[in-house]
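**Student:** What follows is protein-v6.cif; its format and atoms are mmCIF, C-alpha atoms and all ligand atoms.
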data_upload
#
loop_
_atom_site.label_atom_id
_atom_site.label_comp_id
_atom_site.auth_asym_id
_atom_site.auth_seq_id
_atom_site.Cartn_x
_atom_site.Cartn_y
_atom_site.Cartn_z
CA MET A 688 103.31 129.09 104.65
CA PRO A 689 100.18 126.93 104.72
CA HIS A 690 100.17 124.27 102.03
CA GLU A 691 97.42 123.97 99.46
CA PRO A 692 94.73 121.44 100.18
CA MET A 693 96.01 118.29 98.51
CA ASN A 694 94.52 114.84 98.89
CA ALA A 695 97.73 112.87 99.29
CA ASP A 696 97.65 109.22 100.41
CA LEU A 697 101.21 108.04 100.79
CA HIS A 698 100.99 104.51 102.22
CA CYS A 699 98.83 101.59 101.08
CA HIS A 700 99.03 97.95 99.99
CA SER A 701 98.18 95.74 97.02
CA THR A 702 98.08 91.97 96.41
CA VAL A 703 101.83 92.19 95.81
CA SER A 704 102.04 92.20 99.64
CA ASP A 705 99.02 91.84 101.92
CA GLY A 706 96.46 94.16 100.34
CA LEU A 707 93.23 92.84 98.83
CA LEU A 708 93.26 94.82 95.55
CA SER A 709 95.63 94.49 92.59
CA PRO A 710 98.03 97.43 92.06
CA ALA A 711 95.85 98.60 89.14
CA ASP A 712 92.71 98.49 91.30
CA VAL A 713 94.44 100.40 94.10
CA ALA A 714 95.19 103.21 91.63
CA ARG A 715 91.60 103.12 90.26
CA ARG A 716 90.06 103.22 93.73
CA ALA A 717 92.35 106.07 94.84
CA HIS A 718 91.36 108.09 91.77
CA ALA A 719 87.65 107.37 92.32
CA ASN A 720 88.04 108.53 95.95
CA GLY A 721 89.52 111.86 94.88
CA VAL A 722 93.17 111.21 95.69
CA ASP A 723 95.55 113.69 94.01
CA LEU A 724 98.82 111.96 94.91
CA LEU A 725 99.15 108.25 95.68
CA ALA A 726 102.09 106.15 96.88
CA LEU A 727 101.84 102.35 96.71
CA THR A 728 103.99 101.02 99.57
CA ASP A 729 103.88 97.23 99.65
CA HIS A 730 105.72 95.42 102.44
CA ASP A 731 109.37 94.72 101.47
CA GLU A 732 108.41 94.60 97.77
CA VAL A 733 108.25 96.95 94.78
CA GLY A 734 106.74 94.47 92.28
CA GLY A 735 103.45 96.38 91.99
CA ILE A 736 104.86 99.82 91.22
CA ASP A 737 104.96 99.60 87.42
CA GLU A 738 101.35 98.40 87.17
CA ALA A 739 99.99 101.02 89.59
CA GLN A 740 102.06 103.78 87.95
CA ALA A 741 100.80 102.91 84.45
CA VAL A 742 97.16 103.02 85.54
CA ALA A 743 97.74 106.23 87.52
CA ALA A 744 99.22 107.84 84.38
CA GLU A 745 96.16 106.82 82.32
CA LEU A 746 93.86 108.34 84.95
CA GLY A 747 95.90 111.52 85.46
CA LEU A 748 96.48 110.53 89.10
CA GLY A 749 99.72 111.75 90.71
CA PHE A 750 101.84 108.75 91.68
CA VAL A 751 104.95 108.24 93.80
CA PRO A 752 106.81 104.89 93.90
CA GLY A 753 107.09 103.63 97.48
CA VAL A 754 107.83 100.71 99.78
CA GLU A 755 107.29 99.79 103.46
CA ILE A 756 110.37 98.10 104.93
CA SER A 757 110.23 95.80 107.98
CA VAL A 758 112.86 96.68 110.61
CA SER A 759 113.74 95.13 113.98
CA PHE A 760 114.28 97.67 116.74
CA ALA A 761 114.33 97.18 120.53
CA GLY A 762 112.45 93.88 120.28
CA GLU A 763 109.66 95.40 118.15
CA THR A 764 108.93 95.40 114.43
CA ILE A 765 109.11 98.94 113.09
CA HIS A 766 108.01 99.97 109.60
CA ILE A 767 109.97 102.49 107.55
CA VAL A 768 108.25 103.80 104.42
CA GLY A 769 110.35 104.97 101.49
CA LEU A 770 108.76 107.55 99.15
CA GLY A 771 109.92 108.76 95.76
CA ILE A 772 112.30 105.83 95.36
CA ASP A 773 113.90 104.60 92.17
CA HIS A 774 112.39 101.14 92.59
CA ARG A 775 115.00 99.61 90.26
CA HIS A 776 117.99 100.85 92.25
CA PRO A 777 120.28 97.79 92.79
CA GLU A 778 121.05 98.52 96.45
CA LEU A 779 117.37 98.87 97.33
CA VAL A 780 116.39 95.83 95.25
CA ALA A 781 119.08 93.69 96.92
CA GLY A 782 118.14 94.91 100.39
CA LEU A 783 114.46 94.15 99.88
CA ARG A 784 115.27 90.70 98.52
CA GLN A 785 117.28 90.00 101.65
CA VAL A 786 114.40 91.10 103.91
CA ARG A 787 111.89 88.95 101.99
CA GLU A 788 114.09 85.87 102.10
CA GLY A 789 113.42 85.27 105.79
CA ARG A 790 109.65 85.19 105.27
CA ASP A 791 109.35 81.59 103.99
CA ALA A 792 110.98 80.00 107.03
CA ARG A 793 109.08 82.35 109.32
CA ALA A 794 105.76 81.42 107.71
CA ALA A 795 106.57 77.72 108.17
CA ARG A 796 107.27 78.35 111.87
CA ILE A 797 104.04 80.32 112.29
CA GLY A 798 102.22 77.31 110.79
CA GLU A 799 103.97 74.99 113.28
CA GLU A 800 103.11 77.24 116.21
CA LEU A 801 99.43 77.29 115.21
CA ALA A 802 99.46 73.48 114.81
CA ARG A 803 100.59 73.27 118.46
CA VAL A 804 97.27 74.78 119.52
CA GLY A 805 95.32 72.47 117.21
CA ILE A 806 94.99 74.69 114.14
CA ARG A 807 96.02 72.60 111.15
CA GLY A 808 96.76 73.60 107.57
CA ALA A 809 97.53 77.23 108.42
CA LEU A 810 100.65 77.53 106.23
CA GLU A 811 98.84 76.18 103.18
CA GLY A 812 95.81 78.30 104.07
CA ALA A 813 97.87 81.48 104.38
CA ARG A 814 99.67 80.74 101.11
CA GLY A 815 96.29 80.42 99.46
CA PHE A 816 95.55 84.06 100.37
CA ALA A 817 98.95 85.38 99.28
CA GLY A 818 99.01 87.02 95.85
CA ASN A 819 102.82 86.86 95.91
CA PRO A 820 104.44 83.61 97.11
CA ALA A 821 107.51 85.56 98.28
CA LEU A 822 105.40 87.67 100.58
CA VAL A 823 103.40 85.60 103.07
CA SER A 824 102.47 87.97 105.90
CA ARG A 825 100.62 87.60 109.17
CA ALA A 826 97.67 89.27 107.42
CA HIS A 827 97.38 86.13 105.23
CA PHE A 828 97.40 83.89 108.32
CA ALA A 829 94.78 86.17 109.85
CA ARG A 830 92.52 85.75 106.80
CA PHE A 831 92.92 81.98 107.06
CA LEU A 832 91.94 82.08 110.76
CA VAL A 833 88.80 84.03 109.81
CA THR A 834 87.68 81.86 106.90
CA SER A 835 88.35 78.69 108.88
CA GLY A 836 86.00 80.00 111.60
CA VAL A 837 88.59 80.35 114.38
CA MET A 838 88.06 84.11 114.73
CA PRO A 839 85.27 86.45 113.52
CA ASP A 840 87.43 89.06 111.76
CA VAL A 841 91.03 90.02 111.03
CA LYS A 842 91.20 92.70 113.72
CA THR A 843 90.12 90.22 116.41
CA VAL A 844 92.70 87.70 115.21
CA PHE A 845 95.48 90.07 116.32
CA ASP A 846 94.01 90.25 119.84
CA HIS A 847 94.35 86.47 120.27
CA TYR A 848 96.90 85.14 117.79
CA LEU A 849 100.10 86.01 115.88
CA VAL A 850 101.34 88.65 118.38
CA ARG A 851 103.89 88.33 121.18
CA GLY A 852 102.64 86.09 123.98
CA LYS A 853 99.88 84.53 121.84
CA PRO A 854 99.75 81.38 119.71
CA GLY A 855 101.34 81.70 116.28
CA PHE A 856 103.89 84.36 117.26
CA VAL A 857 107.49 83.80 116.18
CA GLU A 858 110.50 86.05 116.73
CA HIS A 859 112.00 87.31 113.51
CA GLU A 860 115.02 89.42 112.62
CA TRP A 861 114.17 91.99 109.92
CA ALA A 862 116.47 94.73 108.55
CA GLN A 863 118.39 97.12 110.79
CA LEU A 864 117.03 100.67 110.97
CA GLU A 865 120.14 102.22 109.40
CA GLU A 866 120.11 99.67 106.56
CA ALA A 867 116.49 100.42 105.63
CA VAL A 868 117.01 104.19 105.70
CA GLY A 869 120.26 103.73 103.72
CA TRP A 870 118.59 101.68 100.96
CA ILE A 871 115.82 104.27 100.61
CA ARG A 872 118.30 107.13 100.43
CA ALA A 873 120.54 105.27 97.99
CA ALA A 874 117.47 104.94 95.76
CA GLY A 875 116.88 108.70 95.96
CA GLY A 876 113.87 108.40 98.29
CA ILE A 877 112.66 110.03 101.50
CA ALA A 878 112.48 107.77 104.58
CA VAL A 879 109.36 108.04 106.75
CA VAL A 880 108.62 106.48 110.15
CA ALA A 881 105.30 104.69 109.52
CA HIS A 882 102.43 104.79 112.10
CA PRO A 883 104.70 105.49 115.13
CA ALA A 884 101.87 105.31 117.67
CA ARG A 885 101.50 101.59 116.94
CA TYR A 886 104.90 100.63 118.39
CA ARG A 887 105.04 99.35 121.93
CA LEU A 888 108.23 101.20 122.83
CA SER A 889 109.21 102.90 126.08
CA THR A 890 109.58 106.70 125.96
CA ALA A 891 113.36 106.24 125.94
CA ASP A 892 113.26 103.71 123.07
CA MET A 893 110.89 105.93 121.04
CA LYS A 894 113.38 108.78 121.47
CA ARG A 895 116.24 106.49 120.41
CA LEU A 896 114.22 105.36 117.38
CA PHE A 897 113.79 108.93 116.13
CA ASP A 898 117.35 109.95 117.09
CA ARG A 899 118.85 107.05 115.13
CA PHE A 900 116.38 107.52 112.27
CA GLN A 901 117.35 111.17 111.85
CA ALA A 902 121.07 110.45 112.31
CA ALA A 903 120.80 107.94 109.45
CA GLY A 904 119.19 110.60 107.22
CA GLY A 905 115.49 109.83 107.81
CA GLU A 906 113.39 112.93 107.18
CA ALA A 907 109.66 112.35 107.74
CA VAL A 908 107.03 110.87 110.04
CA GLU A 909 103.47 109.71 109.40
CA VAL A 910 101.50 112.15 111.50
CA VAL A 911 98.06 111.36 110.08
CA SER A 912 97.65 107.61 109.58
CA GLY A 913 94.71 105.23 109.27
CA ALA A 914 96.34 103.54 112.26
CA HIS A 915 96.32 106.71 114.44
CA THR A 916 93.61 108.28 116.57
CA PRO A 917 93.34 112.10 116.40
CA GLU A 918 95.16 112.25 119.77
CA GLU A 919 98.00 110.11 118.41
CA ALA A 920 98.20 112.33 115.32
CA ALA A 921 98.49 115.39 117.59
CA ARG A 922 101.29 113.73 119.58
CA PHE A 923 103.35 113.02 116.46
CA ALA A 924 102.55 116.44 114.99
CA SER A 925 104.37 117.83 118.04
CA GLU A 926 107.23 115.40 117.46
CA ALA A 927 107.47 116.57 113.82
CA ARG A 928 107.59 120.24 114.96
CA ARG A 929 110.15 119.56 117.68
CA ARG A 930 112.43 117.55 115.40
CA GLY A 931 111.92 119.46 112.16
CA LEU A 932 110.55 116.39 110.40
CA LEU A 933 108.40 116.49 107.27
CA ALA A 934 104.86 115.21 107.85
CA SER A 935 103.09 112.46 105.92
CA ARG A 936 99.42 111.54 105.56
CA ALA A 937 98.44 107.97 104.78
CA SER A 938 95.52 105.56 105.04
CA ASP A 939 97.61 102.33 105.20
CA PHE A 940 94.67 100.89 103.23
CA HIS A 941 94.70 97.09 102.80
CA GLY A 942 91.11 96.48 101.70
CA GLU A 943 87.54 97.55 102.22
CA LYS A 944 86.63 95.08 104.96
CA GLU A 945 89.97 95.27 106.74
CA SER A 946 90.81 98.95 106.92
CA ALA A 947 89.30 101.63 109.12
CA VAL A 948 90.13 104.36 106.62
CA ASP A 949 89.62 104.15 102.86
CA LEU A 950 92.08 105.50 100.28
CA GLY A 951 92.22 109.31 100.44
CA ARG A 952 89.88 109.55 103.43
CA CYS A 953 92.37 110.52 106.18
CA ASN A 954 92.09 113.74 108.13
CA PRO A 955 94.13 116.68 106.82
CA LEU A 956 97.57 117.45 108.22
CA PRO A 957 97.82 120.33 110.71
CA PRO A 958 98.41 123.33 108.42
CA ASP A 959 101.65 124.50 110.07
CA LEU A 960 103.52 121.26 109.31
CA THR A 961 105.62 120.89 106.17
CA PRO A 962 104.05 118.08 104.13
CA VAL A 963 106.42 115.47 102.78
CA TRP A 964 104.87 115.94 99.33
CA SER A 965 106.35 119.45 99.17
CA ARG A 966 109.59 117.55 98.49
CA LEU A 967 108.06 114.87 96.25
CA LEU A 968 106.53 117.36 93.83
CA GLN A 969 109.73 119.34 93.21
P1 LIG B 1 104.06 90.79 108.92
O1 LIG B 1 104.78 91.78 108.06
O2 LIG B 1 104.03 89.41 108.31
O3 LIG B 1 104.54 90.79 110.34
O4 LIG B 1 102.54 91.23 108.94
C1 LIG B 1 102.19 92.49 109.40
C2 LIG B 1 100.82 92.84 108.86
O5 LIG B 1 99.81 92.20 109.64
C3 LIG B 1 100.52 94.31 108.97
O6 LIG B 1 101.07 95.02 107.88
C4 LIG B 1 99.02 94.31 108.92
O7 LIG B 1 98.59 94.11 107.58
C5 LIG B 1 98.68 93.06 109.71
N1 LIG B 1 98.45 93.41 111.13
C6 LIG B 1 99.36 93.40 112.13
N2 LIG B 1 98.77 93.76 113.30
C7 LIG B 1 97.47 94.00 113.01
C8 LIG B 1 96.32 94.41 113.77
N3 LIG B 1 96.40 94.63 115.06
N4 LIG B 1 95.14 94.55 113.11
C9 LIG B 1 95.04 94.30 111.79
N5 LIG B 1 96.08 93.93 111.02
C10 LIG B 1 97.28 93.78 111.62
MN MN B 2 100.07 94.84 106.02
MN MN B 3 102.95 98.97 108.74
MN MN B 4 101.33 99.38 105.79
#
Would it be possible to restate this file's structure as structure tokens?

**Tutor:**
Amino acid sequence: MPHEPMNADLHCHSTVSDGLLSPADVARRAHANGVDLLALTDHDEVGGIDEAQAVAAELGLGFVPGVEISVSFAGETIHIVGLGIDHRHPELVAGLRQVREGRDARAARIGEELARVGIRGALEGARGFAGNPALVSRAHFARFLVTSGVMPDVKTVFDHYLVRGKPGFVEHEWAQLEEAVGWIRAAGGIAVVAHPARYRLSTADMKRLFDRFQAAGGEAVEVVSGAHTPEEAARFASEARRRGLLASRASDFHGEKESAVDLGRCNPLPPDLTPVWSRLLQ
């Protein structure tokens, strides 16, 4: 049965990770943009949920607690979103703490790698952009490289720096796929493969990713994402049909100047797919 038109946006970021707006302002902007159902999904962190949820309640905006967990898989970083989580669940909280703990040493190494190509003060610069000292991300380094005049904008930074084979890249071991899905499920949530078209995986590794994800109890995939072209959305719509996965729709909004798609402004899901929010609204 076709689902009702619903403006769901189930993946975005606040200053608690690498977004540019506070959790309260994310909720306000989503409401102003006509979002009906919002999930805040900060990287490896649930510290913004209470604030966003309180503002959403005041505004009458539907809200789902979420998180975006960093996972290492086949030499790539993969992101698994958890939706409808109990963000106080001890197993999830402990897992996320463990994932965050590696970020300090990694950030220091990114700073050292940038110093090797003559860029000084990057660690301090990145920290200056981080709203949460436990969550220094490459996005914060990218902002430093823009304001210090090395690169014109954040998108261009990632063509020349901070990625494999370029200055400022460091290998890092994040969570295992099964761990991330397990924490989300323990906390009563639905696990979602975030923006799958962004991963540089072989066809065989992409198949293994989804096989292992589903075997671990993962249930959904971001079909429509701010990080997907319409062709990429069509490819993962087919994957959702073939595998019987629920479909998600998400801007992955970080901030006005940095994101291609604003909160609530994604394309609709293909009407034959089962939207993940059919399970979140039960
Ligand atoms: P980290 O979790 O520290 O590896 O940082 C990953 C973050 O960097 C992503 O969530 C994005 O916010 C940002 N990022 C990574 N690649 C790109 C890109 N190509 N363009 C813009 N932002 C990117
Ligand atoms: Mn990010
Ligand atoms: Mn992501
Ligand atoms: Mn994201």

**Student:** Nearest to Gly818 of chain A among A:Gly769, A:Gly735, A:Gly931, A:Pro854, with distances taken over only C-alpha atoms: which residue is it?

**Tutor:**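 Comparing A:Gly769, A:Gly735, A:Gly931, A:Pro854 against Gly818 of chain A, the winner is A:Gly735.
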
**Student:** Using all atoms listed in the file, which residues of the polymer chains come no farther than 8 Å from ligand LIG 1 (chain B)? I'd like the answer as a list in words.

**Tutor:**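 The residues near ligand LIG 1 (chain B) are Asp705, Gly706, His730, Ser757, Thr764, Arg790, Val823, Ser824, Arg825, Ala826, His827, Ala829, Val841, Lys842, Thr843, Val844, Phe845, Asp846, Val850, His941, Glu945 and Ser946 of chain A.
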
**Student:** Record the distance separating atom CA of Glu866 of chain A and atom CA of Val733 of chain A, expressed in Å with one decimal.

**Tutor:** 16.9 Å

**Student:** As an exercise, work out the distance from atom CA of Ala891 of chain A to atom CA of Ile767 of chain A in Å and give it to one decimal place.

**Tutor:**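 That distance, rounded to one decimal, is 19.1 Å.
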
**Student:** Give me the residues within 9 Å of segment 871-882 of chain A as a JSON list (two decimals) with C-alpha atoms, in the coordinates of the input, counting only C-alpha atoms and dropping any in the same chain fewer than 5 places off.

**Tutor:**
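As written to disk, selection-v5.json reads:
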[["chain", "number", "residue", "atom", "x", "y", "z"],
["A", 698, "HIS", "CA", 100.99, 104.51, 102.22],
["A", 753, "GLY", "CA", 107.09, 103.63, 97.48],
["A", 754, "VAL", "CA", 107.83, 100.71, 99.78],
["A", 755, "GLU", "CA", 107.29, 99.79, 103.46],
["A", 765, "ILE", "CA", 109.11, 98.94, 113.09],
["A", 766, "HIS", "CA", 108.01, 99.97, 109.60],
["A", 767, "ILE", "CA", 109.97, 102.49, 107.55],
["A", 768, "VAL", "CA", 108.25, 103.80, 104.42],
["A", 769, "GLY", "CA", 110.35, 104.97, 101.49],
["A", 770, "LEU", "CA", 108.76, 107.55, 99.15],
["A", 771, "GLY", "CA", 109.92, 108.76, 95.76],
["A", 772, "ILE", "CA", 112.30, 105.83, 95.36],
["A", 773, "ASP", "CA", 113.90, 104.60, 92.17],
["A", 774, "HIS", "CA", 112.39, 101.14, 92.59],
["A", 775, "ARG", "CA", 115.00, 99.61, 90.26],
["A", 776, "HIS", "CA", 117.99, 100.85, 92.25],
["A", 777, "PRO", "CA", 120.28, 97.79, 92.79],
["A", 778, "GLU", "CA", 121.05, 98.52, 96.45],
["A", 779, "LEU", "CA", 117.37, 98.87, 97.33],
["A", 866, "GLU", "CA", 120.11, 99.67, 106.56],
["A", 897, "PHE", "CA", 113.79, 108.93, 116.13],
["A", 900, "PHE", "CA", 116.38, 107.52, 112.27],
["A", 904, "GLY", "CA", 119.19, 110.60, 107.22],
["A", 905, "GLY", "CA", 115.49, 109.83, 107.81],
["A", 906, "GLU", "CA", 113.39, 112.93, 107.18],
["A", 907, "ALA", "CA", 109.66, 112.35, 107.74],
["A", 908, "VAL", "CA", 107.03, 110.87, 110.04],
["A", 909, "GLU", "CA", 103.47, 109.71, 109.40],
["A", 910, "VAL", "CA", 101.50, 112.15, 111.50],
["A", 911, "VAL", "CA", 98.06, 111.36, 110.08],
["A", 912, "SER", "CA", 97.65, 107.61, 109.58],
["A", 913, "GLY", "CA", 94.71, 105.23, 109.27],
["A", 914, "ALA", "CA", 96.34, 103.54, 112.26],
["A", 915, "HIS", "CA", 96.32, 106.71, 114.44],
["A", 933, "LEU", "CA", 108.40, 116.49, 107.27],
["A", 934, "ALA", "CA", 104.86, 115.21, 107.85],
["A", 935, "SER", "CA", 103.09, 112.46, 105.92],
["A", 937, "ALA", "CA", 98.44, 107.97, 104.78],
["A", 939, "ASP", "CA", 97.61, 102.33, 105.20],
["A", 963, "VAL", "CA", 106.42, 115.47, 102.78],
["A", 966, "ARG", "CA", 109.59, 117.55, 98.49],
["A", 967, "LEU", "CA", 108.06, 114.87, 96.25]]

**Student:** Please identify all polymer residues within 6 Å of Gly855 of chain A, counting all atoms listed in the file, omitting same-chain residues fewer than 6 positions from it, and present them as a list in words.

**Tutor:**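 The residues satisfying every condition are Ile797, Glu800, Leu801, Tyr848 and Leu849 of chain A.
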
**Student:** Output the selection as a CSV table (one decimal), in the coordinates of the input - C-alpha atoms for each residue.

**Tutor:**
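Result written to part.csv:
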chain,number,residue,atom,x,y,z
A,797,ILE,CA,104.0,80.3,112.3
A,800,GLU,CA,103.1,77.2,116.2
A,801,LEU,CA,99.4,77.3,115.2
A,848,TYR,CA,96.9,85.1,117.8
A,849,LEU,CA,100.1,86.0,115.9

**Student:** Quick check, in Å to one decimal: how far apart do atom CA of Ala867 of chain A and atom CA of Ala726 of chain A lie?

**Tutor:**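 A separation of 17.8 Å between them.
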
**Student:** Please report, as lines of an AutoDock Vina configuration file, the centre and edge lengths in Å to one decimal of an axis-aligned box covering all listed atoms of segment 826-842 of chain A with 8 Å per side.

**Tutor:**
center_x = 91.5
center_y = 85.7
center_z = 110.0
size_x = 28.4
size_y = 30.0
size_z = 25.5

**Student:** Which residue out of A:Ile756, A:Val857, A:Val751, A:Val837 has the minimum interatomic distance to ligand MN 3 (chain B) when all atoms listed in the file are used?

**Tutor:**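 Among the listed residues, the smallest separation from ligand MN 3 (chain B) belongs to A:Ile756.
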
**Student:** If we count only C-alpha atoms and set the cut-off at 8 Å, which residues sit around Glu865 of chain A, ignoring sequence neighbours fewer than 4 positions away in its own chain? Please answer as a PyMOL selection string.

**Tutor:** chain A and resi 869+899-900+903

**Student:** With only C-alpha atoms and all ligand atoms as the basis for distance, which of A:Arg885, A:Arg715, A:Arg784, A:Arg830 is at the shortest distance from ligand MN 3 (chain B)?

**Tutor:**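 Closest residue, counting only C-alpha atoms and all ligand atoms: A:Arg885.
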
**Student:** Which residue, A:Leu968, A:Leu727, A:Leu708, A:Ala947, has the smallest gap to ligand MN 4 (chain B) when you use only C-alpha atoms and all ligand atoms?

**Tutor:** A:Leu727

**Student:** Which is closest to Leu748 of chain A among A:Ala902, A:Ala714, A:Asp729, A:Pro839, if we use all atoms listed in the file?

**Tutor:** A:Ala714

**Student:** Rank A:Pro957, A:Gly808, A:Gly942, A:Gly747 by their smallest atom-to-atom distance to ligand MN 4 (chain B), using only C-alpha atoms and all ligand atoms, and report the top residue only.

**Tutor:** A:Gly942

**Student:** Using only C-alpha atoms, find all polymer residues with an atom at most 12 Å away from the point (101.7, 80.0, 99.2); report them as a list in words.

**Tutor:**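 Every polymer residue passing the test: Arg790, Asp791, Ala794, Ala795, Gly798, Gly808, Ala809, Leu810, Glu811, Gly812, Ala813, Arg814, Gly815, Phe816, Ala817, Gly818, Asn819, Pro820, Ala821, Leu822, Val823, Ser824, His827, Phe828 and Phe831 of chain A.
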
**Student:** Report as a list in words all protein, DNA and RNA residues lying within 8 Å of Val713 of chain A, evaluated on all atoms listed in the file, omitting residues in the same chain fewer than 5 positions from it.

**Tutor:**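 Counting all atoms listed in the file, the residues come to His700, Ser701, Leu708 and Ala739 of chain A.
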
**Student:** Please list as an NGL selection string every residue within 7 Å of Trp861 of chain A, counting all atoms listed in the file and excluding residues in the same chain fewer than 3 positions away.

**Tutor:** :A and (757-759 or 786)
